[in-house]
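Reviewing the structure listed below.
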Amino acid sequence: MSFKPQGKHLIAGQWVATDQTFISQPVEGPAYYFSVGNIELINKACEAAEDAFWSYGYSTIEQRALFLNTIADEIEARANTIIEIATQETGLAITRLEGECGRTVGQLRLFAAYILKKDFLDRRHDVALPERQPLARPELRLIQRPIGPVVVFGASNFPLAFSTAGGDTASALAAGCPVIVKGHEAHPGTGEIIAEAIHHAIKKCGLHEGVFNFVQGGAHKIGQALVQHPLIKAVGFTGSLRGGRALFDLCVARPEPIPFFGELGSINPMFILPKVIENRGTEIAKAWVDSLILGVGQFCTNPGVVVLIEGKLTDVFIQTATEILSSMKSQTMLSKHIAAAYHTAVKRLAETNGLHQCLIAPEEIRQASPSLFTTTGQEWLKNTDLAEEVFGPSGLIIVVKNEHEIMQIAKSLKGQITCTIHLDERDKPLAKMLLPVLERKAGRVLVNGMPTGVEVCDAMVHGGPYPASTNFGATSVGTMAIRRFLRPVSYQNIPEDMLPSDFL
Ligand code: NAP
């Protein structure tokens with residue numbers, strides 16, 4: 001049976017509404033009215049989360065693991081309905097959303113298994129040395145503790161894996177932090193059904209109902225009030241550089257500044273070295289195009305920029321990419337707003353001096369087809385605007401003159417989520433010069449692969465220097481994401497039976 005959203009917010013275990021509404025904008029299927037959040041609701045949600053912290057923040061690891069697994073069960077039980085409404089709201093393919101639903105459930109279970117191992121606690125113990133001269137040493141024990149209520153912004157481009165019960169929520173709950181999710185307006189029904197799944201899990205596990213709260217609508221003032229609320233201790237965000245930066249600035253300007261873990265823009269450059277292009281140029285061009293158009297280019301790891309050294313096979317690479325891209329039909333984007341931003345960005349590139357247009361996407365409402373441009377290394381170095389992310393299926397190929405220019409391009413890069421090198425054995429001398437530069441630029445460096453497809457595992461970093469993220473020491477994917485919501489506490493001479501249960 002189809003899901004009919006009630007259009008309400010979940011605050012302290014109650015489904016509540018205000019007298020203002022907004023309407024969803026599905027690609028297909030019925031549109032629904034949703035209540036618009038307000039400041040009063042934000043205050044209630046933050047107070048409920050703080051109240052919940054006094055029990056949830058001191059729960060056992062086993063209780064939290066059970067809760068995460070129960071959320072996963074509840075999502076699985078609703079999977080068909082979730083995928084149906086998410087497809088209608090986002091226009092993403094059913095297969096993609098099935099995969100994303102599996103990933104969301106997998107992430108929750110991964111965090112459950114991870115915390116049970118207790119490595120994340122980083123427990124340290126310096127025994128007392130009462131006889132030490134000239135000063136006795138006290139007994140010191142260190143452990144990681146949850147930081148308190150966390151705000152999570154649902155991401156438009158991952159309605160499941162980076163939204164209501166996505167990686168930020170899973171890692172905060174795993175750490176012991178209650179969560180308030182600000183749902184994304186592009187998929188309000190999807191957000192609500194996931195919130196319903198979490199609510200059921202809270203009841204089944206007998207937890208304080210303020211452990212999870214869900215608010216939507218209300219334009220920027222809701223997000224701004226949330227990040228400025230004095231009871232909030234950290235924020236997880238995936239979205240635009242502009243929005244993320246505005247919220248980051250608010251977090252820093254608070255009387256008590258708090259960390260803002262924003263995963264923002266990236267162009268994910270790929271360096272294709274001169275020898276590998278001789279052997280595998282066409283194969284790489286095809287793989288690049290597939291990665292570029294995946295999900296209509298609406299991935300933070302979308303490889304928007306390719307760097308090649310001028311040579312006899314450069315034109316073949318460009319020609320192959322152009323031919324494949326021009327045969328692609330236009331596809332539906334996540335929202336009208338995102339499609340309009342894509343067309344504005346493509347228009348800006350088309351009007352930029354020094355760029356050659358291979359393919360220009362025609363302007364369409366909520367639809368996008370691929371675009372492709374080429375330029376020279378010197379033009380790229382002159383025009384810093386070219387380094388801005390284009391969110392959608394648009395590619396830029398930079399043709400450089402020599403190895404010196406390739407190094408200049410690498411050094412000119414801003415922070416990236418990923419940087420990729422394509423090489424064969426004979427390219428290794430150049431690759432060895434490039435790697436230390438790219439390592440300073442990106443959270444993840446790849447060889448001979450495509451950056452789309454982010455493994456959720458222990459060794460993943462999904463972040464990087466600004467503007468890829470606002471916090472280069474963190475990741476929003478993988479088990480290390482839990483560190484964002486923990487802080488170390490030293491316990492000096494505290495009797496063992498008074499220590500947090502996590503020490504046991
Ligand atoms: P967004 O505009 O940054 O919005 C994300 C969330 O932040 C929304 O909940 C939005 O709430 C809130 N927000 C944005 N600016 C705010 C502000 N100044 N004050 C308070 N809250 C604010 O991102 P989006 O809607 O997902 O997509 C828009 C553009 O973001 C895309 O075209 C793309 O360029 C970029 N994007 C990049 C990535 C990536 O991974 N690199 C992912 C998604 C989007 P409201 O409902 O109030 O707007």
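We name chains A, B, ... following the order of the structure tokens; residues begin at 1 in each chain, and ligands are numbered from 1 as shown.
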
- Message: For ligand 1, return the neighbouring residues as a PyMOL selection string (distance at most 6 Å; only C-alpha atoms and all ligand atoms).
- Response: chain A and resi 153+155-157+184-185+219-220+223-224+238-240+243-244+246-247+264-266+299-300+338+341+391

Write out as CSV a residue-level contact list of region 159-250 of chain A versus region 315-337 of chain A with cut-off 10 Å: for each qualifying residue the closest pair of atoms and the distance in Å to one decimal, counting only C-alpha atoms, rows sorted by chain and residue number upward.
```
residue,atom,partner,partner_atom,distance
A:Pro159,CA,A:Leu334,CA,9.6
A:Glu185,CA,A:Ser335,CA,9.4
A:Ala186,CA,A:Ser335,CA,6.3
A:His187,CA,A:Leu334,CA,8.9
```

Would you output that residue set with all heavy atoms, as a JSON list (two decimals), in the first residue's frame?
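Contents of result_21.json, as written:
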```json
[["chain", "number", "residue", "atom", "x", "y", "z"],
["A", 159, "PRO", "N", 18.74, 10.96, -0.67],
["A", 159, "PRO", "CA", 17.55, 11.06, 0.19],
["A", 159, "PRO", "C", 17.53, 10.04, 1.32],
["A", 159, "PRO", "O", 16.79, 10.21, 2.30],
["A", 159, "PRO", "CB", 16.39, 10.82, -0.79],
["A", 159, "PRO", "CG", 17.00, 10.12, -1.97],
["A", 159, "PRO", "CD", 18.41, 10.62, -2.06],
["A", 185, "GLU", "N", 13.69, 19.72, 1.82],
["A", 185, "GLU", "CA", 12.38, 19.97, 1.20],
["A", 185, "GLU", "C", 12.19, 19.22, -0.11],
["A", 185, "GLU", "O", 11.06, 19.09, -0.58],
["A", 185, "GLU", "CB", 12.21, 21.47, 0.95],
["A", 185, "GLU", "CG", 11.59, 22.16, 2.13],
["A", 185, "GLU", "CD", 11.08, 23.55, 1.79],
["A", 185, "GLU", "OE1", 10.56, 23.74, 0.67],
["A", 185, "GLU", "OE2", 11.21, 24.42, 2.63],
["A", 186, "ALA", "N", 13.27, 18.70, -0.71],
["A", 186, "ALA", "CA", 13.14, 17.98, -1.98],
["A", 186, "ALA", "C", 12.58, 16.57, -1.77],
["A", 186, "ALA", "O", 12.12, 15.96, -2.74],
["A", 186, "ALA", "CB", 14.50, 17.91, -2.68],
["A", 187, "HIS", "N", 12.60, 16.05, -0.53],
["A", 187, "HIS", "CA", 12.04, 14.71, -0.30],
["A", 187, "HIS", "C", 11.39, 14.61, 1.09],
["A", 187, "HIS", "O", 11.77, 13.79, 1.91],
["A", 187, "HIS", "CB", 13.11, 13.62, -0.50],
["A", 187, "HIS", "CG", 14.35, 13.83, 0.29],
["A", 187, "HIS", "ND1", 15.50, 14.33, -0.22],
["A", 187, "HIS", "CD2", 14.62, 13.61, 1.61],
["A", 187, "HIS", "CE1", 16.42, 14.40, 0.72],
["A", 187, "HIS", "NE2", 15.90, 13.97, 1.84]]
```

Backbone DSSP call of helix (DSSP H, G or I) for region 79-281 of chain A, listed as a tab-separated table (two decimals) with C-alpha atoms, in the first residue's frame:
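For reference, states07.tsv as written:
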```
chain	number	residue	atom	x	y	z
A	79	ALA	CA	11.78	-0.68	2.14
A	80	ASN	CA	9.26	-0.96	-0.73
A	81	THR	CA	7.20	1.98	0.49
A	82	ILE	CA	10.32	4.06	1.14
A	83	ILE	CA	11.63	3.39	-2.35
A	84	GLU	CA	8.25	4.17	-3.91
A	85	ILE	CA	7.93	7.61	-2.33
A	86	ALA	CA	11.64	8.42	-2.75
A	87	THR	CA	11.41	7.62	-6.48
A	88	GLN	CA	8.37	9.88	-6.83
A	89	GLU	CA	9.94	12.75	-4.92
A	90	THR	CA	13.48	12.68	-6.35
A	94	ILE	CA	14.36	2.56	-8.48
A	95	THR	CA	17.57	0.53	-8.79
A	96	ARG	CA	19.64	3.45	-7.49
A	97	LEU	CA	17.27	3.90	-4.53
A	98	GLU	CA	17.23	0.19	-3.78
A	99	GLY	CA	21.01	0.34	-3.60
A	100	GLU	CA	20.88	3.45	-1.42
A	101	CYS	CA	18.35	1.87	0.92
A	102	GLY	CA	20.65	-1.16	1.28
A	103	ARG	CA	23.56	1.14	1.98
A	104	THR	CA	21.60	3.06	4.63
A	105	VAL	CA	20.66	-0.15	6.43
A	106	GLY	CA	24.23	-1.45	6.00
A	107	GLN	CA	25.66	1.74	7.53
A	108	LEU	CA	23.46	1.44	10.60
A	109	ARG	CA	24.48	-2.20	11.08
A	110	LEU	CA	28.13	-1.37	10.45
A	111	PHE	CA	28.10	1.25	13.23
A	112	ALA	CA	26.36	-1.22	15.55
A	113	ALA	CA	29.09	-3.82	14.95
A	114	TYR	CA	31.83	-1.19	15.13
A	115	ILE	CA	30.91	0.24	18.53
A	116	LEU	CA	30.63	-3.27	20.00
A	117	LYS	CA	34.35	-3.70	19.29
A	119	ASP	CA	38.11	0.48	19.64
A	120	PHE	CA	36.54	3.91	19.04
A	121	LEU	CA	36.69	4.62	22.79
A	167	GLY	CA	25.63	8.41	7.87
A	168	ASP	CA	25.57	11.56	10.04
A	169	THR	CA	22.57	10.36	12.07
A	170	ALA	CA	23.94	6.81	12.37
A	171	SER	CA	27.35	7.97	13.58
A	172	ALA	CA	25.88	10.49	16.06
A	173	LEU	CA	23.49	7.90	17.51
A	174	ALA	CA	26.32	5.35	17.67
A	175	ALA	CA	28.40	7.86	19.66
A	188	PRO	CA	9.75	15.47	2.67
A	189	GLY	CA	7.67	12.28	2.44
A	190	THR	CA	10.80	10.11	2.32
A	191	GLY	CA	12.10	11.97	5.35
A	192	GLU	CA	8.84	11.40	7.22
A	193	ILE	CA	8.63	7.65	6.63
A	194	ILE	CA	12.23	7.20	7.77
A	195	ALA	CA	11.50	9.33	10.86
A	196	GLU	CA	8.53	7.02	11.51
A	197	ALA	CA	10.88	3.98	11.30
A	198	ILE	CA	13.26	5.57	13.83
A	199	HIS	CA	10.34	6.48	16.11
A	200	HIS	CA	9.20	2.82	16.14
A	201	ALA	CA	12.76	1.72	16.95
A	202	ILE	CA	12.89	4.18	19.89
A	203	LYS	CA	9.68	2.69	21.29
A	204	LYS	CA	10.81	-0.91	20.76
A	205	CYS	CA	14.10	-0.21	22.54
A	209	GLU	CA	11.64	9.83	22.99
A	210	GLY	CA	13.82	12.92	22.59
A	211	VAL	CA	16.65	10.78	21.18
A	219	ALA	CA	13.17	28.14	4.97
A	220	HIS	CA	16.59	29.25	6.15
A	221	LYS	CA	15.40	30.53	9.51
A	222	ILE	CA	14.85	26.95	10.75
A	223	GLY	CA	18.37	25.81	9.87
A	224	GLN	CA	19.82	29.01	11.30
A	225	ALA	CA	17.89	28.70	14.57
A	226	LEU	CA	18.96	25.07	14.93
A	227	VAL	CA	22.69	25.68	14.55
A	228	GLN	CA	22.52	28.65	16.92
A	241	LEU	CA	29.31	25.64	-0.47
A	242	ARG	CA	27.21	28.76	-0.05
A	243	GLY	CA	24.66	27.27	2.37
A	244	GLY	CA	27.30	25.30	4.25
A	245	ARG	CA	29.56	28.32	4.63
A	246	ALA	CA	26.68	30.49	5.92
A	247	LEU	CA	25.82	27.88	8.56
A	248	PHE	CA	29.50	27.29	9.44
A	249	ASP	CA	29.91	31.06	10.04
A	250	LEU	CA	26.90	31.03	12.36
A	251	CYS	CA	28.38	28.12	14.34
A	252	VAL	CA	31.68	29.96	14.77
A	253	ALA	CA	29.98	33.23	15.76
A	274	PRO	CA	50.80	10.47	-21.04
A	275	LYS	CA	51.68	6.78	-21.24
A	276	VAL	CA	48.43	5.33	-19.98
A	277	ILE	CA	46.47	7.33	-22.53
A	278	GLU	CA	48.39	5.53	-25.30
A	279	ASN	CA	47.23	2.14	-24.06
A	280	ARG	CA	43.89	2.79	-22.47
A	281	GLY	CA	42.78	6.32	-23.49
```

- Just give me the gap between CA of Cys46 (chain A) and CA of Gln14 (chain A) in Å, one decimal is fine. 14.0 Å

- Extract, using only C-alpha atoms, all DNA, RNA and protein residues at most 10 Å from Phe214 (chain A), discarding same-chain residues fewer than 4 positions from it, and format them as a list in words. Lys8, His9, Leu10, Ile11, Ala12, Gly13, Trp15, Gly37, Leu41, Ile42, Ala45, Val151, Val152, Thr164, Val179, Ile180, Val181, Lys182, Gly183, Gly191, Glu192, Ile194, Ala195, Glu196 and His199 of chain A

- Message: Between CA of His422 (chain A) and CA of Val437 (chain A), what distance in Å does the model show, to one decimal?
- Response: 15.2 Å

- For Leu435 (chain A), please output as a PyMOL selection string all residues within 10 Å (counting only C-alpha atoms; exclusion window: fewer than 4 positions along the same chain). chain A and resi 410+419-421+430-431+439-441+445-447

Go ahead and dump the residues you just picked, N, CA, C and O atoms, as a PDB file, in the first residue's frame.
```pdb
ATOM      1  N   ALA A 410      47.991  20.923 -10.520  1.00  0.00           N
ATOM      2  CA  ALA A 410      47.774  20.185  -9.260  1.00  0.00           C
ATOM      3  C   ALA A 410      47.956  21.129  -8.064  1.00  0.00           C
ATOM      4  O   ALA A 410      47.149  21.137  -7.131  1.00  0.00           O
ATOM      5  N   CYS A 419      41.002  13.065  -5.534  1.00  0.00           N
ATOM      6  CA  CYS A 419      41.833  13.335  -6.713  1.00  0.00           C
ATOM      7  C   CYS A 419      42.242  11.964  -7.258  1.00  0.00           C
ATOM      8  O   CYS A 419      42.535  11.048  -6.471  1.00  0.00           O
ATOM      9  N   THR A 420      42.265  11.846  -8.586  1.00  0.00           N
ATOM     10  CA  THR A 420      42.555  10.542  -9.205  1.00  0.00           C
ATOM     11  C   THR A 420      43.721  10.658 -10.179  1.00  0.00           C
ATOM     12  O   THR A 420      43.803  11.653 -10.919  1.00  0.00           O
ATOM     13  N   ILE A 421      44.583   9.645 -10.184  1.00  0.00           N
ATOM     14  CA  ILE A 421      45.643   9.568 -11.209  1.00  0.00           C
ATOM     15  C   ILE A 421      45.400   8.298 -12.024  1.00  0.00           C
ATOM     16  O   ILE A 421      45.188   7.222 -11.451  1.00  0.00           O
ATOM     17  N   LEU A 430      56.364  10.499 -13.054  1.00  0.00           N
ATOM     18  CA  LEU A 430      55.513  11.687 -12.950  1.00  0.00           C
ATOM     19  C   LEU A 430      54.486  11.497 -11.817  1.00  0.00           C
ATOM     20  O   LEU A 430      54.230  12.420 -11.027  1.00  0.00           O
ATOM     21  N   ALA A 431      53.914  10.293 -11.756  1.00  0.00           N
ATOM     22  CA  ALA A 431      52.904  10.023 -10.715  1.00  0.00           C
ATOM     23  C   ALA A 431      53.500  10.207  -9.319  1.00  0.00           C
ATOM     24  O   ALA A 431      52.833  10.706  -8.411  1.00  0.00           O
ATOM     25  N   GLU A 439      47.946  14.534  -2.385  1.00  0.00           N
ATOM     26  CA  GLU A 439      47.683  14.111  -1.004  1.00  0.00           C
ATOM     27  C   GLU A 439      47.403  15.319  -0.100  1.00  0.00           C
ATOM     28  O   GLU A 439      46.645  15.227   0.849  1.00  0.00           O
ATOM     29  N   ARG A 440      47.996  16.476  -0.430  1.00  0.00           N
ATOM     30  CA  ARG A 440      47.746  17.688   0.364  1.00  0.00           C
ATOM     31  C   ARG A 440      46.411  18.324   0.004  1.00  0.00           C
ATOM     32  O   ARG A 440      45.934  19.225   0.698  1.00  0.00           O
ATOM     33  N   LYS A 441      45.836  17.906  -1.120  1.00  0.00           N
ATOM     34  CA  LYS A 441      44.613  18.547  -1.611  1.00  0.00           C
ATOM     35  C   LYS A 441      43.354  17.774  -1.273  1.00  0.00           C
ATOM     36  O   LYS A 441      42.270  18.358  -1.247  1.00  0.00           O
ATOM     37  N   VAL A 445      42.771   9.782  -2.343  1.00  0.00           N
ATOM     38  CA  VAL A 445      43.526   9.802  -3.601  1.00  0.00           C
ATOM     39  C   VAL A 445      43.403   8.419  -4.229  1.00  0.00           C
ATOM     40  O   VAL A 445      43.595   7.415  -3.545  1.00  0.00           O
ATOM     41  N   LEU A 446      43.077   8.370  -5.519  1.00  0.00           N
ATOM     42  CA  LEU A 446      42.854   7.073  -6.181  1.00  0.00           C
ATOM     43  C   LEU A 446      43.807   6.913  -7.356  1.00  0.00           C
ATOM     44  O   LEU A 446      44.179   7.906  -7.993  1.00  0.00           O
ATOM     45  N   VAL A 447      44.095   5.664  -7.670  1.00  0.00           N
ATOM     46  CA  VAL A 447      44.828   5.351  -8.891  1.00  0.00           C
ATOM     47  C   VAL A 447      43.966   4.414  -9.750  1.00  0.00           C
ATOM     48  O   VAL A 447      43.380   3.459  -9.233  1.00  0.00           O
TER      49      VAL A 447
END
```
